[in-house]
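> File follows, entry.pdb with PDB, C-alpha atoms:
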ATOM      1  CA  MET B  80       9.160 -73.277 -29.928
ATOM      2  CA  ARG B  81      12.506 -71.635 -29.721
ATOM      3  CA  ASN B  82      10.923 -68.202 -30.164
ATOM      4  CA  PHE B  83       8.630 -68.941 -27.266
ATOM      5  CA  PHE B  84      11.500 -69.715 -24.893
ATOM      6  CA  SER B  85      13.515 -66.792 -26.089
ATOM      7  CA  ASN B  86      10.652 -64.519 -25.150
ATOM      8  CA  ILE B  87      10.467 -66.055 -21.711
ATOM      9  CA  HIS B  88      14.142 -65.402 -21.062
ATOM     10  CA  MET B  89      13.953 -61.815 -22.334
ATOM     11  CA  PRO B  90      12.927 -60.272 -19.008
ATOM     12  CA  SER B  91      15.931 -61.776 -17.308
ATOM     13  CA  LYS B  92      18.135 -60.144 -19.949
ATOM     14  CA  ARG B  93      16.392 -56.809 -19.463
ATOM     15  CA  LEU B  94      16.664 -56.910 -15.702
ATOM     16  CA  PRO B  95      20.290 -55.697 -15.636
ATOM     17  CA  ILE B  96      19.308 -52.780 -17.896
ATOM     18  CA  VAL B  97      16.492 -51.795 -15.533
ATOM     19  CA  ARG B  98      18.853 -52.017 -12.556
ATOM     20  CA  GLN B  99      21.406 -49.991 -14.392
ATOM     21  CA  LEU B 100      18.814 -47.284 -15.204
ATOM     22  CA  ALA B 101      17.568 -47.283 -11.617
ATOM     23  CA  ASN B 102      21.083 -46.759 -10.319
ATOM     24  CA  ASP B 103      21.884 -44.082 -12.919
ATOM     25  CA  THR B 104      21.710 -40.630 -11.235
ATOM     26  CA  CYS B 105      22.953 -38.492 -14.124
ATOM     27  CA  GLY B 106      19.639 -36.672 -14.668
ATOM     28  CA  LEU B 107      18.509 -36.613 -11.058
ATOM     29  CA  SER B 108      19.613 -33.027 -10.451
ATOM     30  CA  ALA B 109      17.808 -31.825 -13.561
ATOM     31  CA  VAL B 110      14.578 -33.520 -12.465
ATOM     32  CA  GLU B 111      14.839 -32.085  -8.951
ATOM     33  CA  PHE B 112      15.509 -28.628 -10.362
ATOM     34  CA  ALA B 113      12.512 -28.909 -12.708
ATOM     35  CA  LEU B 114      10.300 -29.830  -9.753
ATOM     36  CA  ILE B 115      11.501 -27.068  -7.442
ATOM     37  CA  LEU B 116      11.796 -24.255 -10.044
ATOM     38  CA  PRO B 117       8.090 -23.220  -9.971
ATOM     39  CA  VAL B 118       8.191 -23.019  -6.170
ATOM     40  CA  MET B 119      11.371 -20.917  -6.262
ATOM     41  CA  ILE B 120       9.943 -18.524  -8.860
ATOM     42  CA  THR B 121       6.709 -18.143  -6.892
ATOM     43  CA  MET B 122       8.614 -17.393  -3.688
ATOM     44  CA  TYR B 123      10.831 -14.858  -5.456
ATOM     45  CA  LEU B 124       7.897 -13.030  -7.062
ATOM     46  CA  GLY B 125       6.018 -13.084  -3.760
ATOM     47  CA  ALA B 126       8.972 -11.521  -1.964
ATOM     48  CA  VAL B 127       9.280  -8.823  -4.631
ATOM     49  CA  GLU B 128       5.545  -8.051  -4.470
ATOM     50  CA  PHE B 129       5.578  -7.955  -0.674
ATOM     51  CA  SER B 130       8.542  -5.565  -0.582
ATOM     52  CA  HIS B 131       6.903  -3.245  -3.146
ATOM     53  CA  ALA B 132       3.632  -3.220  -1.198
ATOM     54  CA  LEU B 133       5.467  -2.533   2.059
ATOM     55  CA  THR B 134       7.374   0.356   0.486
ATOM     56  CA  VAL B 135       4.186   1.872  -0.942
ATOM     57  CA  ASP B 136       2.459   1.530   2.448
ATOM     58  CA  ARG B 137       5.325   3.380   4.133
ATOM     59  CA  ARG B 138       5.126   6.135   1.534
ATOM     60  CA  VAL B 139       1.377   6.461   2.109
ATOM     61  CA  THR B 140       2.131   6.939   5.815
ATOM     62  CA  SER B 141       4.766   9.567   4.915
ATOM     63  CA  VAL B 142       2.286  11.383   2.665
ATOM     64  CA  ALA B 143      -0.290  11.532   5.467
ATOM     65  CA  SER B 144       2.171  12.776   8.086
ATOM     66  CA  SER B 145       3.802  15.282   5.723
ATOM     67  CA  ALA B 146       0.497  16.710   4.485
ATOM     68  CA  ALA B 147      -0.794  17.175   8.025
ATOM     69  CA  ASP B 148       2.547  18.615   9.162
ATOM     70  CA  LEU B 149       2.751  21.137   6.324
ATOM     71  CA  ALA B 150      -0.814  22.324   6.940
ATOM     72  CA  ALA B 151      -0.313  22.476  10.718
ATOM     73  CA  GLN B 152       2.763  24.723  10.405
ATOM     74  CA  SER B 153       0.737  27.611   8.975
ATOM     75  CA  LYS B 154      -1.542  30.118  10.691
ATOM     76  CA  THR B 155      -3.581  30.423   7.504
ATOM     77  CA  VAL B 156      -3.851  28.365   4.357
ATOM     78  CA  THR B 157      -5.048  29.165   0.870
ATOM     79  CA  SER B 158      -6.002  27.047  -2.095
ATOM     80  CA  ASP B 159      -2.508  27.668  -3.525
ATOM     81  CA  SER B 160      -0.746  26.450  -0.374
ATOM     82  CA  ILE B 161      -2.981  23.357  -0.302
ATOM     83  CA  LEU B 162      -2.087  22.652  -3.958
ATOM     84  CA  ASP B 163       1.583  22.914  -2.976
ATOM     85  CA  ILE B 164       0.998  20.367  -0.189
ATOM     86  CA  PHE B 165      -0.691  18.007  -2.654
ATOM     87  CA  THR B 166       2.206  18.434  -5.093
ATOM     88  CA  ALA B 167       4.706  17.630  -2.339
ATOM     89  CA  ALA B 168       2.660  14.556  -1.437
ATOM     90  CA  ASN B 169       2.748  13.354  -5.048
ATOM     91  CA  THR B 170       6.523  13.808  -5.036
ATOM     92  CA  ILE B 171       6.851  11.651  -1.922
ATOM     93  CA  MET B 172       5.202   8.757  -3.786
ATOM     94  CA  GLN B 173       7.902   8.706  -6.486
ATOM     95  CA  PRO B 174       8.948   6.387  -8.176
ATOM     96  CA  TYR B 175       5.499   4.857  -7.651
ATOM     97  CA  SER B 176       2.532   6.310  -9.476
ATOM     98  CA  ALA B 177       0.735   9.134  -7.679
ATOM     99  CA  THR B 178      -2.382   8.703  -9.822
ATOM    100  CA  PRO B 179      -4.234   6.329  -7.456
ATOM    101  CA  ILE B 180      -3.669   8.500  -4.358
ATOM    102  CA  SER B 181      -6.490  10.371  -2.670
ATOM    103  CA  ILE B 182      -5.728  13.019  -0.027
ATOM    104  CA  VAL B 183      -8.285  14.839   2.121
ATOM    105  CA  LEU B 184      -6.985  17.609   4.399
ATOM    106  CA  THR B 185      -9.452  18.775   7.036
ATOM    107  CA  SER B 186      -9.330  21.292   9.853
ATOM    108  CA  VAL B 187     -11.499  20.115  12.742
ATOM    109  CA  ILE B 188     -12.448  22.618  15.455
ATOM    110  CA  ALA B 189     -13.831  21.842  18.910
ATOM    111  CA  ASP B 190     -16.544  24.111  20.349
ATOM    112  CA  GLU B 191     -17.061  25.045  24.023
ATOM    113  CA  ASP B 192     -18.477  21.544  24.707
ATOM    114  CA  ASN B 193     -15.584  19.869  22.877
ATOM    115  CA  GLN B 194     -17.898  18.808  20.035
ATOM    116  CA  THR B 195     -15.801  18.641  16.852
ATOM    117  CA  ASN B 196     -16.900  19.978  13.470
ATOM    118  CA  VAL B 197     -15.235  20.579  10.119
ATOM    119  CA  SER B 198     -13.914  24.128   9.728
ATOM    120  CA  TRP B 199     -12.575  23.619   6.197
ATOM    121  CA  SER B 200     -11.617  20.692   4.007
ATOM    122  CA  CYS B 201      -9.800  20.222   0.688
ATOM    123  CA  ALA B 202      -9.328  17.080  -1.363
ATOM    124  CA  HIS B 203      -7.037  15.785  -4.071
ATOM    125  CA  ASN B 204      -8.599  12.935  -6.113
ATOM    126  CA  GLY B 205     -11.344  12.561  -3.540
ATOM    127  CA  SER B 206     -14.263  14.284  -1.844
ATOM    128  CA  ALA B 207     -13.722  17.062   0.663
ATOM    129  CA  ARG B 208     -15.755  17.012   3.861
ATOM    130  CA  ALA B 209     -18.656  19.440   4.161
ATOM    131  CA  ASP B 210     -17.999  22.597   6.185
ATOM    132  CA  GLY B 211     -19.720  22.438   9.571
ATOM    133  CA  ALA B 212     -20.239  18.666   9.435
ATOM    134  CA  ALA B 213     -19.614  16.673  12.601
ATOM    135  CA  PHE B 214     -16.248  14.952  12.635
ATOM    136  CA  SER B 215     -15.237  12.339  15.182
ATOM    137  CA  VAL B 216     -11.650  12.380  16.452
ATOM    138  CA  PRO B 217      -9.973  10.071  19.000
ATOM    139  CA  ALA B 218     -10.785  10.883  22.619
ATOM    140  CA  GLY B 219      -8.432  13.328  24.319
ATOM    141  CA  LEU B 220      -7.135  14.793  21.077
ATOM    142  CA  THR B 221      -8.984  18.110  21.434
ATOM    143  CA  GLN B 222     -10.007  20.445  24.225
ATOM    144  CA  PRO B 223     -12.692  23.141  24.017
ATOM    145  CA  TYR B 224     -11.804  25.803  21.419
ATOM    146  CA  SER B 225      -8.845  23.842  20.074
ATOM    147  CA  SER B 226      -8.419  22.297  16.655
ATOM    148  CA  VAL B 227      -6.633  19.522  14.835
ATOM    149  CA  ILE B 228      -5.518  19.007  11.238
ATOM    150  CA  VAL B 229      -6.556  15.642   9.834
ATOM    151  CA  ALA B 230      -4.908  14.126   6.748
ATOM    152  CA  GLU B 231      -6.722  11.123   5.283
ATOM    153  CA  VAL B 232      -4.800   9.327   2.559
ATOM    154  CA  THR B 233      -6.051   6.418   0.470
ATOM    155  CA  TYR B 234      -3.940   4.618  -2.119
ATOM    156  CA  THR B 235      -5.025   1.819  -4.434
ATOM    157  CA  TYR B 236      -1.935  -0.313  -4.985
ATOM    158  CA  THR B 237      -1.894  -2.498  -8.088
ATOM    159  CA  PRO B 238       0.838  -5.147  -7.903
ATOM    160  CA  PRO B 239       2.782  -5.253 -11.184
ATOM    161  CA  VAL B 240       3.213  -9.046 -11.199
ATOM    162  CA  GLY B 241       0.577 -10.443  -8.852
ATOM    163  CA  GLU B 242      -2.384  -8.402 -10.097
ATOM    164  CA  PHE B 243      -4.097 -11.481 -11.456
ATOM    165  CA  ILE B 244      -3.589 -13.319  -8.143
ATOM    166  CA  SER B 245      -4.350 -10.785  -5.422
ATOM    167  CA  GLY B 246      -5.966  -7.872  -7.255
ATOM    168  CA  ASN B 247      -5.715  -4.295  -6.003
ATOM    169  CA  ILE B 248      -4.762  -3.552  -2.411
ATOM    170  CA  LEU B 249      -6.406  -0.566  -0.706
ATOM    171  CA  MET B 250      -4.111   1.275   1.718
ATOM    172  CA  ASN B 251      -5.491   3.860   4.166
ATOM    173  CA  GLU B 252      -3.741   6.173   6.585
ATOM    174  CA  THR B 253      -5.157   8.906   8.831
ATOM    175  CA  PHE B 254      -2.862  11.344  10.594
ATOM    176  CA  TYR B 255      -3.885  13.896  13.271
ATOM    177  CA  LEU B 256      -1.725  16.904  14.122
ATOM    178  CA  ARG B 257      -2.380  19.974  16.232
ATOM    179  CA  PRO B 258      -1.577  23.391  14.756
ATOM    180  CA  ARG B 259       1.852  24.628  15.797
ATOM    181  CA  ARG B 260       1.686  28.408  15.534
ATOM    182  CA  SER B 261      -1.915  29.115  16.535
ATOM    183  CA  LEU B 262      -4.952  27.443  18.059
ATOM    184  CA  THR B 263      -6.497  26.956  14.626
ATOM    185  CA  VAL B 264      -5.358  26.986  11.026
ATOM    186  CA  GLU B 265      -7.640  29.467   9.298
ATOM    187  CA  TRP B 266      -8.784  29.242   5.698
ATOM    188  CA  GLU B 267      -8.129  32.371   3.627
ATOM    189  CA  GLY B 268      -9.554  33.101   0.198
ATOM    190  CA  ALA B 269     -11.783  31.114  -2.121
ATOM    191  CA  PRO B 270     -12.777  27.619  -1.032
ATOM    192  CA  CYS B 271     -11.153  24.531  -2.522
TER     193      CYS B 271
END
Take the structure I supplied and represent it as structure tokens, if you would.

Amino acid sequence: MRNFFSNIHMPSKRLPIVRQLANDTCGLSAVEFALILPVMITMYLGAVEFSHALTVDRRVTSVASSAADLAAQSKTVTSDSILDIFTAANTIMQPYSATPISIVLTSVIADEDNQTNVSWSCAHNGSARADGAAFSVPAGLTQPYSSVIVAEVTYTYTPPVGEFISGNILMNETFYLRPRRSLTVEWEGAPC
């Protein structure tokens, strides 16, 4: 019988221990840190990925503007000068990989009715446009017998950390620039 009553009084003896544990805050900071750590790591990695993607996107824009600018500065271009432009574009992408970049440089000429067609086109890691093919440019960009250099750049960005979450990101940029030293930039020599 005594054992029975001793068991009944046990919870009252344990109650101060439970209160003491409930009031003990020694490990509270460690528990809070363990709960918030995954959120902090995810936010940090997301910020790093976002900044890398933003930097790559800005470099893609720089590649497009630089390629169009270098082609538009010449009266004539050759396959060697186009290769130099593509090499300069690859250098702009450093320290990021230039392997996934595709550059298409095209000279678009307007006829007497301001209908635009491809005069010449060269590509790096992509497909050049067919000579004589119709090419649509924004309204007001050309007048009859004028031309424009078009640089189309595509970059497939693969995030180093978040690849398994977001996958590849396709970045596109198109840049239009009028020739600076002549009405048209002429192609000289063998085709691309």
> To verify the selection step, state as a PyMOL selection string which residues the PyMOL selection byres ((chain B and resi 192) around 12) yields on this input.
chain B and resi 188-191+193-196+221-225
> Convert the output of the PyMOL selection byres ((chain B and resi 211) around 9) on the shown file into explicit residues, formatted as a list in words.
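Matching residues under the PyMOL selection byres ((chain B and resi 211) around 9) are Asn196, Val197, Ser198, Trp199, Arg208, Ala209, Asp210, Ala212, Ala213 and Phe214 of chain B.
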> Exactly which residues make up the result of the PyMOL selection byres ((chain B and resi 139) around 12) on this file, given as a count of residues only?
40
> Quick one: distance from CA of Val156 (chain B) to CA of Val227 (chain B) in Å, one decimal?
14.0 Å
> Choose the residue, out of B:Ala150, B:Leu184, B:Ala126, B:Cys105, that has the smallest atom-to-atom separation from Ser261 (chain B); count all atoms listed in the file.
B:Ala150
> Figure out the distance between CA of Phe165 (chain B) and CA of Asn204 (chain B), please, to one decimal in Å.
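Calculated distance between CA of Asn204 (chain B) and CA of Phe165 (chain B) is 10.0 Å.
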> Can you sort out the box for region 179-190 of chain B, edges along x, y and z, all listed atoms in, 4 Å on every side, with centre and edge lengths in Å to one decimal, as lines of an AutoDock Vina configuration file?

center_x = -10.1
center_y = 15.2
center_z = 6.4
size_x = 20.9
size_y = 25.8
size_z = 35.8
> Please, what distance in Å, to one decimal, runs between CA of Ser158 (chain B) and CA of His203 (chain B)?
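We find that CA of Ser158 (chain B) and CA of His203 (chain B) lie 11.5 Å from each other.
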> Check the smallest atom-to-atom distance from each of B:Ala207, B:Ala167, B:Glu128, B:Ala151 to Ile248 (chain B) using all atoms listed in the file, then report the winner.
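Nearest candidate to Ile248 (chain B) out of B:Ala207, B:Ala167, B:Glu128, B:Ala151: B:Glu128.
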